[in-house]
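Have a look at the structure below before the remarks.
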Amino acid sequence: MKLAVISCIHGNLEALNAVLSDIDQHKADQIYCLGDLVGYGPHPNAVVEMIRSLDIPTCQGCWDEDIVEGLNACECSYPSILAENRGRAAHEWTNAAIHPEVREYLSTLPLTIRESNLCFVHGSPNSQHEYLLPSMDGFAALERVLSTEADVLFCGHTHVPYVRDLNEGTISVRVTQGGDGKTDRQFTMPLKRIINAGSVGEPRHGRPNATYVLYDTETTQVTLREVPYDYQRTCAAIIEKGLPPIFAWRLAQGLEFAERADDPSHVCQR
Amino acid sequence: MINSYWAICSGIEGNLAAYEAVLASIKQQSDTISDLYILGDFLGLQGNNRAVIERIQSPKVGELTPQICLGWWEEQCLNLHGLRGSLDAPELVAKVGTDGAKLLWESIDWELVQWLRTLHFGFHELDCLLIHGSTVSYADELTLDTPAIQLCDRLIRADANNLFCGRSGLVFECWVEPKQLQSQITTLDGPQTLHEQGKSPRRIVGVGNVGRTKGQGNYVLYNPATDTVQFKTVCY
């Protein structure tokens, strides 16, 4: 079975349409979405309507959560006041633009989807706000996969796609006091995999193209897809609708521009 | 100083007699103990919370001033008073029911709640993290039955070689060694260099509890110079 996994569409309908066409061409049997349907981009309602009309199983992302619950995450979301002010402006614009039924739909989204040996989340199994960056300590990354009891963990949130294979993990635990005498135990862990789907609508890999992944459940082959589209139309709509122009600039560059969290593994205390 | 120890305890749970017994034990070794840490859960439902707090706040002449961080019970108290996210304290109610929640509410007045707010989440000292649960939460209960990968993760998050914790109330010392892991990352630019990882052993110490078991309490002595741990039991 061929799966297409998309994430972080962020109200970018142009990018979503281009990715859906690409998925069609690759004849995927099933699409999963890892959330962040809204925020930053100019077409949040249309994006949600598209996802709903295609009946795509979708996790709730951190931006979706903010639209449902309000901006009550702790300060971990932004690395600076400047970034926070921009993010807040985007949230307020989206919050005002969103239709009631769209908000209701976002509130129904699950945090996690399980399918066979696959697990789908937005950020990490701990939180929609946690970044599983490729630079994360390997054992910590392995813990995130093992906590789901799946073999493959699909995530998004970082906006940069990657595949990480974690193999031949071995941990020894020596109890020197408090147990039944001194004991040594050794644990070996089978191959686990993290697949980050990147971002459809707000890529940060250095180019403006949309990204997503294809996954073959039979062969376990992963294909990272990069899809060109007319990003300038989205940029124009961002400016036209009064969103902060920096988002148009950032979209055109495919750059993060100071939005990196200082402590990516921090677990947000809402 | 080679012979300088930290005394570390947790889980007084309102049991003033048990805390007095620990203080008496520490006093007997006062020449060698430089610091006293209380890793939360000095509140509980079985004893006199107000008396315990007053004793903690006002050490006698010659006693160490304790360094205190918040525990699960204190967090529940802050929840009850609307100072945390879970206003109805569902964890507390699940554990002790509404009657228990009412008892906790009544045991602490607003002035003491304000004092609770000033306490730390944990302490980083040298290469040690001293905390009630873990950096994940107050409620994170680490024991010898916790999966090895989870212990390993908590040490990585702690960013310390020694993690002293009290949530479980159990006494234990275990070394966790992440021996080997191969990590292969592929990006849009293709496969990156295979990374092989291993780390030195790091330690988790369960400091036991002072007041949970009637007539007997535990605490820990840690010598930073020799990196050794001693478990102490006091009877009262």
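In the structure tokens, chains take the letters A, B, ... in the order shown, each chain's residues start at 1, and ligands count up from 1 in the order shown.
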Original post:
Residues at most 10 Å from Asn45 in chain A, counting only C-alpha atoms, excluding those fewer than 6 positions away in the same chain, as a list in words?
Top reply: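 Listed by chain and then number, they are Gly11, Leu13, Leu37, Val38, Thr94, Ala97, Ile98, His99, Pro100, Glu101, Val102 and Arg103 of chain A.
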**OP:** Give me the residues within 12 Å of range 49-55 of chain A as a ChimeraX atom specification, counting only C-alpha atoms and dropping any in the same chain fewer than 2 places off.
**Re:** /A:6-7,9,11-14,16-17,20,30-38,43-47,57-59,98-99,101-103,105-106,108-109
Can those selected residues be exported to a file as a compact mmCIF listing (two decimals), in the first residue's frame so that it contains C-alpha atoms?
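Result went into part-v7.txt, see below:
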# COMPACT_ATOMS: atom_id res chain seq x y z
CA ILE A 6 1.39 15.64 4.29
CA SER A 7 1.78 18.19 7.06
CA ILE A 9 -0.30 23.21 5.12
CA GLY A 11 -3.62 27.92 4.86
CA ASN A 12 -1.70 27.65 1.60
CA LEU A 13 -4.28 26.36 -0.90
CA GLU A 14 -2.00 26.76 -3.93
CA LEU A 16 -2.02 21.96 -1.24
CA ASN A 17 -3.50 21.69 -4.74
CA LEU A 20 -2.58 16.68 -4.20
CA GLN A 30 -4.21 6.70 1.16
CA ILE A 31 -3.30 10.19 2.40
CA TYR A 32 -2.62 11.11 6.01
CA CYS A 33 -2.25 14.66 7.28
CA LEU A 34 -0.25 15.65 10.38
CA GLY A 35 -2.03 18.90 11.12
CA ASP A 36 -1.36 22.63 11.13
CA LEU A 37 -3.99 23.17 8.48
CA VAL A 38 -4.23 26.84 9.41
CA HIS A 43 -6.77 30.43 2.92
CA PRO A 44 -7.40 28.54 6.18
CA ASN A 45 -11.08 27.78 5.51
CA ALA A 46 -10.52 26.53 1.97
CA VAL A 47 -7.68 24.28 3.09
CA PRO A 57 -7.32 11.27 8.39
CA THR A 58 -5.72 14.24 10.14
CA CYS A 59 -3.97 14.92 13.45
CA ILE A 98 -12.03 31.06 10.52
CA HIS A 99 -15.60 29.81 10.05
CA GLU A 101 -17.76 24.91 11.46
CA VAL A 102 -14.06 24.89 10.62
CA ARG A 103 -13.18 25.66 14.22
CA TYR A 105 -13.83 20.46 12.89
CA LEU A 106 -10.37 21.39 14.19
CA THR A 108 -12.44 17.09 16.77
CA LEU A 109 -9.00 16.19 15.41
Original post:
CA of Glu218 in chain A to CA of Asp189 in chain B: how many Å, to one decimal?
Top reply: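 Taking CA of Glu218 in chain A as the start and CA of Asp189 in chain B as the end point, the length is 24.6 Å.
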**OP:** Enumerate as a PyMOL selection string the residues belonging to chain A that approach chain B to within 6 Å, with only C-alpha atoms taken into account.
**Re:** chain A and resi 140+143+162-178
Limited to N, CA and C atoms, could you put the picked residues into a file as a JSON list (two decimals), in the first residue's frame?
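New file result-v3.json:
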[["chain", "number", "residue", "atom", "x", "y", "z"],
["A", 140, "ALA", "N", 17.11, 9.87, 22.65],
["A", 140, "ALA", "CA", 15.87, 10.59, 22.96],
["A", 140, "ALA", "C", 14.87, 10.41, 21.81],
["A", 143, "GLU", "N", 13.38, 7.02, 22.03],
["A", 143, "GLU", "CA", 12.36, 6.96, 23.08],
["A", 143, "GLU", "C", 11.00, 7.43, 22.57],
["A", 162, "TYR", "N", 12.70, 14.74, 6.57],
["A", 162, "TYR", "CA", 13.85, 13.85, 6.70],
["A", 162, "TYR", "C", 13.37, 12.46, 7.09],
["A", 163, "VAL", "N", 14.25, 11.50, 6.91],
["A", 163, "VAL", "CA", 14.01, 10.14, 7.39],
["A", 163, "VAL", "C", 15.16, 9.82, 8.34],
["A", 164, "ARG", "N", 14.83, 9.27, 9.48],
["A", 164, "ARG", "CA", 15.88, 8.90, 10.43],
["A", 164, "ARG", "C", 15.70, 7.44, 10.84],
["A", 165, "ASP", "N", 16.70, 6.62, 10.50],
["A", 165, "ASP", "CA", 16.69, 5.21, 10.91],
["A", 165, "ASP", "C", 17.53, 5.07, 12.17],
["A", 166, "LEU", "N", 16.94, 4.46, 13.19],
["A", 166, "LEU", "CA", 17.63, 4.27, 14.47],
["A", 166, "LEU", "C", 17.77, 2.77, 14.67],
["A", 167, "ASN", "N", 19.02, 2.31, 14.67],
["A", 167, "ASN", "CA", 19.25, 0.87, 14.61],
["A", 167, "ASN", "C", 20.27, 0.44, 15.65],
["A", 168, "GLU", "N", 20.14, -0.83, 16.07],
["A", 168, "GLU", "CA", 21.09, -1.46, 16.99],
["A", 168, "GLU", "C", 21.24, -0.66, 18.28],
["A", 169, "GLY", "N", 20.15, -0.14, 18.78],
["A", 169, "GLY", "CA", 20.18, 0.57, 20.06],
["A", 169, "GLY", "C", 20.39, -0.40, 21.21],
["A", 170, "THR", "N", 21.35, -0.09, 22.05],
["A", 170, "THR", "CA", 21.62, -0.93, 23.22],
["A", 170, "THR", "C", 21.81, -0.05, 24.44],
["A", 171, "ILE", "N", 21.12, -0.40, 25.51],
["A", 171, "ILE", "CA", 21.24, 0.32, 26.77],
["A", 171, "ILE", "C", 21.45, -0.70, 27.88],
["A", 172, "SER", "N", 22.40, -0.42, 28.75],
["A", 172, "SER", "CA", 22.53, -1.30, 29.91],
["A", 172, "SER", "C", 22.14, -0.53, 31.17],
["A", 173, "VAL", "N", 21.52, -1.24, 32.09],
["A", 173, "VAL", "CA", 21.10, -0.64, 33.36],
["A", 173, "VAL", "C", 21.70, -1.46, 34.49],
["A", 174, "ARG", "N", 22.45, -0.81, 35.35],
["A", 174, "ARG", "CA", 23.06, -1.50, 36.49],
["A", 174, "ARG", "C", 22.46, -0.93, 37.78],
["A", 175, "VAL", "N", 21.80, -1.79, 38.51],
["A", 175, "VAL", "CA", 21.24, -1.37, 39.79],
["A", 175, "VAL", "C", 22.27, -1.70, 40.86],
["A", 176, "THR", "N", 22.73, -0.66, 41.57],
["A", 176, "THR", "CA", 23.76, -0.90, 42.57],
["A", 176, "THR", "C", 23.22, -0.86, 43.99],
["A", 177, "GLN", "N", 22.07, -0.22, 44.19],
["A", 177, "GLN", "CA", 21.45, -0.21, 45.52],
["A", 177, "GLN", "C", 19.95, -0.13, 45.35],
["A", 178, "GLY", "N", 19.25, -0.75, 46.28],
["A", 178, "GLY", "CA", 17.80, -0.57, 46.30],
["A", 178, "GLY", "C", 17.02, -1.65, 45.59]]
Subject >> Selected residue, from A:Lys27, A:Glu65, A:Leu146, A:Val5, that lies nearest to Leu191 in chain A when counting only C-alpha atoms >> reply: A:Leu146
**OP:** With a distance cut-off of 6 Å and only C-alpha atoms, select the neighbouring residues of range 118-133 of chain A, excluding the residue or stretch itself and same-chain residues fewer than 2 positions from it, and output the selection as number ranges by chain.
**Re:** A: 34-35, 61-62, 112-116, 135-136, 150, 152-157, 264-265
**OP:** Within range 16-211 of chain B, find each residue whose DSSP state, derived from the backbone, is strand (DSSP E or B), and express the selection as a VMD selection string.
**Re:** chain B and resid 33 to 39 67 to 69 120 122 to 125 128 to 131 162 to 165 171 to 187 190 to 191 195 to 197 202 to 207
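Distance check against Glu75 in chain B using only C-alpha atoms: of B:Tyr138, B:Phe123, B:Trp105, B:Phe164, the minimum falls on B:Tyr138.
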**OP:** Mind checking which residues fall within 12 Å of Leu83 in chain B, counting only C-alpha atoms, ignoring those fewer than 3 positions away in the same chain, and posting them as a list in words?
**Re:** Glu74, Glu75, Gln76, Cys77, Leu78, Asn79, Leu80, Ser86, Leu87, Asp88, Ala89, Trp110, Val113, Gln114, Leu116, Arg117 and Thr118 of chain B
Original post:
So which residues touch Lys232 in chain B within 10 Å, counting only C-alpha atoms, skipping near sequence neighbours fewer than 6 positions away, as a VMD selection string?
Top reply: chain B and resid 7 9 22 25 to 26 171 207 to 208 217 to 221
**OP:** as a ChimeraX atom specification, list the residues of range 24-172 of chain A assigned to helix (DSSP H, G or I) by DSSP on the backbone atoms of this structure.
**Re:** /A:24-25,44-53,62-69,75-77,81-97,100-107,138-146
Original post:
Near Leu255 in chain A, counting only C-alpha atoms, which residues have an atom at most 12 Å away, once you skip same-chain residues fewer than 4 positions from it, shown as a PyMOL selection string?
Top reply: chain A and resi 158-160+199+202-209+246-251+259-260
With N, CA and C atoms retained, export the selected residues as a PDB file, in the first residue's frame.
ATOM      1  N   THR A 158       8.518  20.617  12.081  1.00  0.00           N
ATOM      2  CA  THR A 158       9.805  21.297  11.841  1.00  0.00           C
ATOM      3  C   THR A 158       9.831  21.982  10.479  1.00  0.00           C
ATOM      4  N   HIS A 159       8.963  21.533   9.564  1.00  0.00           N
ATOM      5  CA  HIS A 159       8.870  22.065   8.200  1.00  0.00           C
ATOM      6  C   HIS A 159      10.047  21.669   7.321  1.00  0.00           C
ATOM      7  N   VAL A 160      10.870  20.761   7.797  1.00  0.00           N
ATOM      8  CA  VAL A 160      11.995  20.255   6.990  1.00  0.00           C
ATOM      9  C   VAL A 160      11.885  18.729   6.961  1.00  0.00           C
ATOM     10  N   SER A 199       6.786  20.245   5.048  1.00  0.00           N
ATOM     11  CA  SER A 199       5.658  21.187   5.070  1.00  0.00           C
ATOM     12  C   SER A 199       5.144  21.439   3.661  1.00  0.00           C
ATOM     13  N   GLU A 202       4.476  25.877   4.054  1.00  0.00           N
ATOM     14  CA  GLU A 202       5.377  26.858   4.639  1.00  0.00           C
ATOM     15  C   GLU A 202       6.758  26.218   4.805  1.00  0.00           C
ATOM     16  N   PRO A 203       7.347  25.770   3.681  1.00  0.00           N
ATOM     17  CA  PRO A 203       8.584  24.992   3.752  1.00  0.00           C
ATOM     18  C   PRO A 203       9.750  25.807   4.307  1.00  0.00           C
ATOM     19  N   ARG A 204      10.669  25.104   4.952  1.00  0.00           N
ATOM     20  CA  ARG A 204      11.827  25.795   5.539  1.00  0.00           C
ATOM     21  C   ARG A 204      13.129  25.069   5.207  1.00  0.00           C
ATOM     22  N   HIS A 205      13.182  24.460   4.041  1.00  0.00           N
ATOM     23  CA  HIS A 205      14.391  23.721   3.674  1.00  0.00           C
ATOM     24  C   HIS A 205      15.280  24.533   2.740  1.00  0.00           C
ATOM     25  N   GLY A 206      14.941  25.794   2.553  1.00  0.00           N
ATOM     26  CA  GLY A 206      15.805  26.666   1.755  1.00  0.00           C
ATOM     27  C   GLY A 206      15.306  26.937   0.349  1.00  0.00           C
ATOM     28  N   ARG A 207      14.177  26.312  -0.010  1.00  0.00           N
ATOM     29  CA  ARG A 207      13.528  26.561  -1.310  1.00  0.00           C
ATOM     30  C   ARG A 207      12.029  26.710  -1.071  1.00  0.00           C
ATOM     31  N   PRO A 208      11.336  27.384  -1.967  1.00  0.00           N
ATOM     32  CA  PRO A 208       9.907  27.623  -1.719  1.00  0.00           C
ATOM     33  C   PRO A 208       9.006  26.422  -2.029  1.00  0.00           C
ATOM     34  N   ASN A 209       9.555  25.364  -2.597  1.00  0.00           N
ATOM     35  CA  ASN A 209       8.724  24.235  -3.021  1.00  0.00           C
ATOM     36  C   ASN A 209       8.063  23.525  -1.839  1.00  0.00           C
ATOM     37  N   ILE A 246       6.222  39.661   6.322  1.00  0.00           N
ATOM     38  CA  ILE A 246       7.396  38.790   6.530  1.00  0.00           C
ATOM     39  C   ILE A 246       7.064  37.340   6.163  1.00  0.00           C
ATOM     40  N   PHE A 247       5.774  36.962   6.322  1.00  0.00           N
ATOM     41  CA  PHE A 247       5.396  35.581   5.993  1.00  0.00           C
ATOM     42  C   PHE A 247       5.489  35.332   4.486  1.00  0.00           C
ATOM     43  N   ALA A 248       5.196  36.360   3.691  1.00  0.00           N
ATOM     44  CA  ALA A 248       5.332  36.222   2.231  1.00  0.00           C
ATOM     45  C   ALA A 248       6.808  36.110   1.860  1.00  0.00           C
ATOM     46  N   TRP A 249       7.628  36.948   2.474  1.00  0.00           N
ATOM     47  CA  TRP A 249       9.073  36.897   2.208  1.00  0.00           C
ATOM     48  C   TRP A 249       9.622  35.513   2.586  1.00  0.00           C
ATOM     49  N   ARG A 250       9.218  35.052   3.747  1.00  0.00           N
ATOM     50  CA  ARG A 250       9.731  33.770   4.238  1.00  0.00           C
ATOM     51  C   ARG A 250       9.292  32.626   3.326  1.00  0.00           C
ATOM     52  N   LEU A 251       8.042  32.681   2.875  1.00  0.00           N
ATOM     53  CA  LEU A 251       7.532  31.633   1.992  1.00  0.00           C
ATOM     54  C   LEU A 251       8.310  31.620   0.668  1.00  0.00           C
ATOM     55  N   GLU A 259      12.554  31.683  13.610  1.00  0.00           N
ATOM     56  CA  GLU A 259      11.428  31.080  14.330  1.00  0.00           C
ATOM     57  C   GLU A 259      11.837  29.809  15.065  1.00  0.00           C
ATOM     58  N   ARG A 260      13.127  29.501  15.048  1.00  0.00           N
ATOM     59  CA  ARG A 260      13.552  28.252  15.677  1.00  0.00           C
ATOM     60  C   ARG A 260      13.402  28.349  17.199  1.00  0.00           C
TER      61      ARG A 260
END
Original post:
Excluding same-chain residues fewer than 4 positions from Ile56 in chain B, what lies within 8 Å of it counting only C-alpha atoms, as a list in words?
Top reply: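 Near Ile56 in chain B, the qualifying residues are Val52, Thr65 and Pro66 of chain B.
Taking CA of Val19 in chain A and CA of Glu256 in chain A as the two end points, the separation is 20.7 Å.
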**OP:** Could you check how far CA of Ala83 in chain A sits from CA of Pro244 in chain A, in Å to one decimal?
**Re:**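 Separation of CA of Ala83 in chain A and CA of Pro244 in chain A: 11.0 Å.
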Original post:
From the list B:Ser134, B:Ser34, B:Ser200, B:Thr146, which residue is nearest Gly166 in chain B when using only C-alpha atoms?
Top reply: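 Of B:Ser134, B:Ser34, B:Ser200, B:Thr146, the one nearest Gly166 in chain B, counting only C-alpha atoms, is B:Ser134.
Closest approach to Asp227 in chain B among B:Ser168, B:Asn161, B:Thr143, B:Asn209: B:Asn161, based on only C-alpha atoms.
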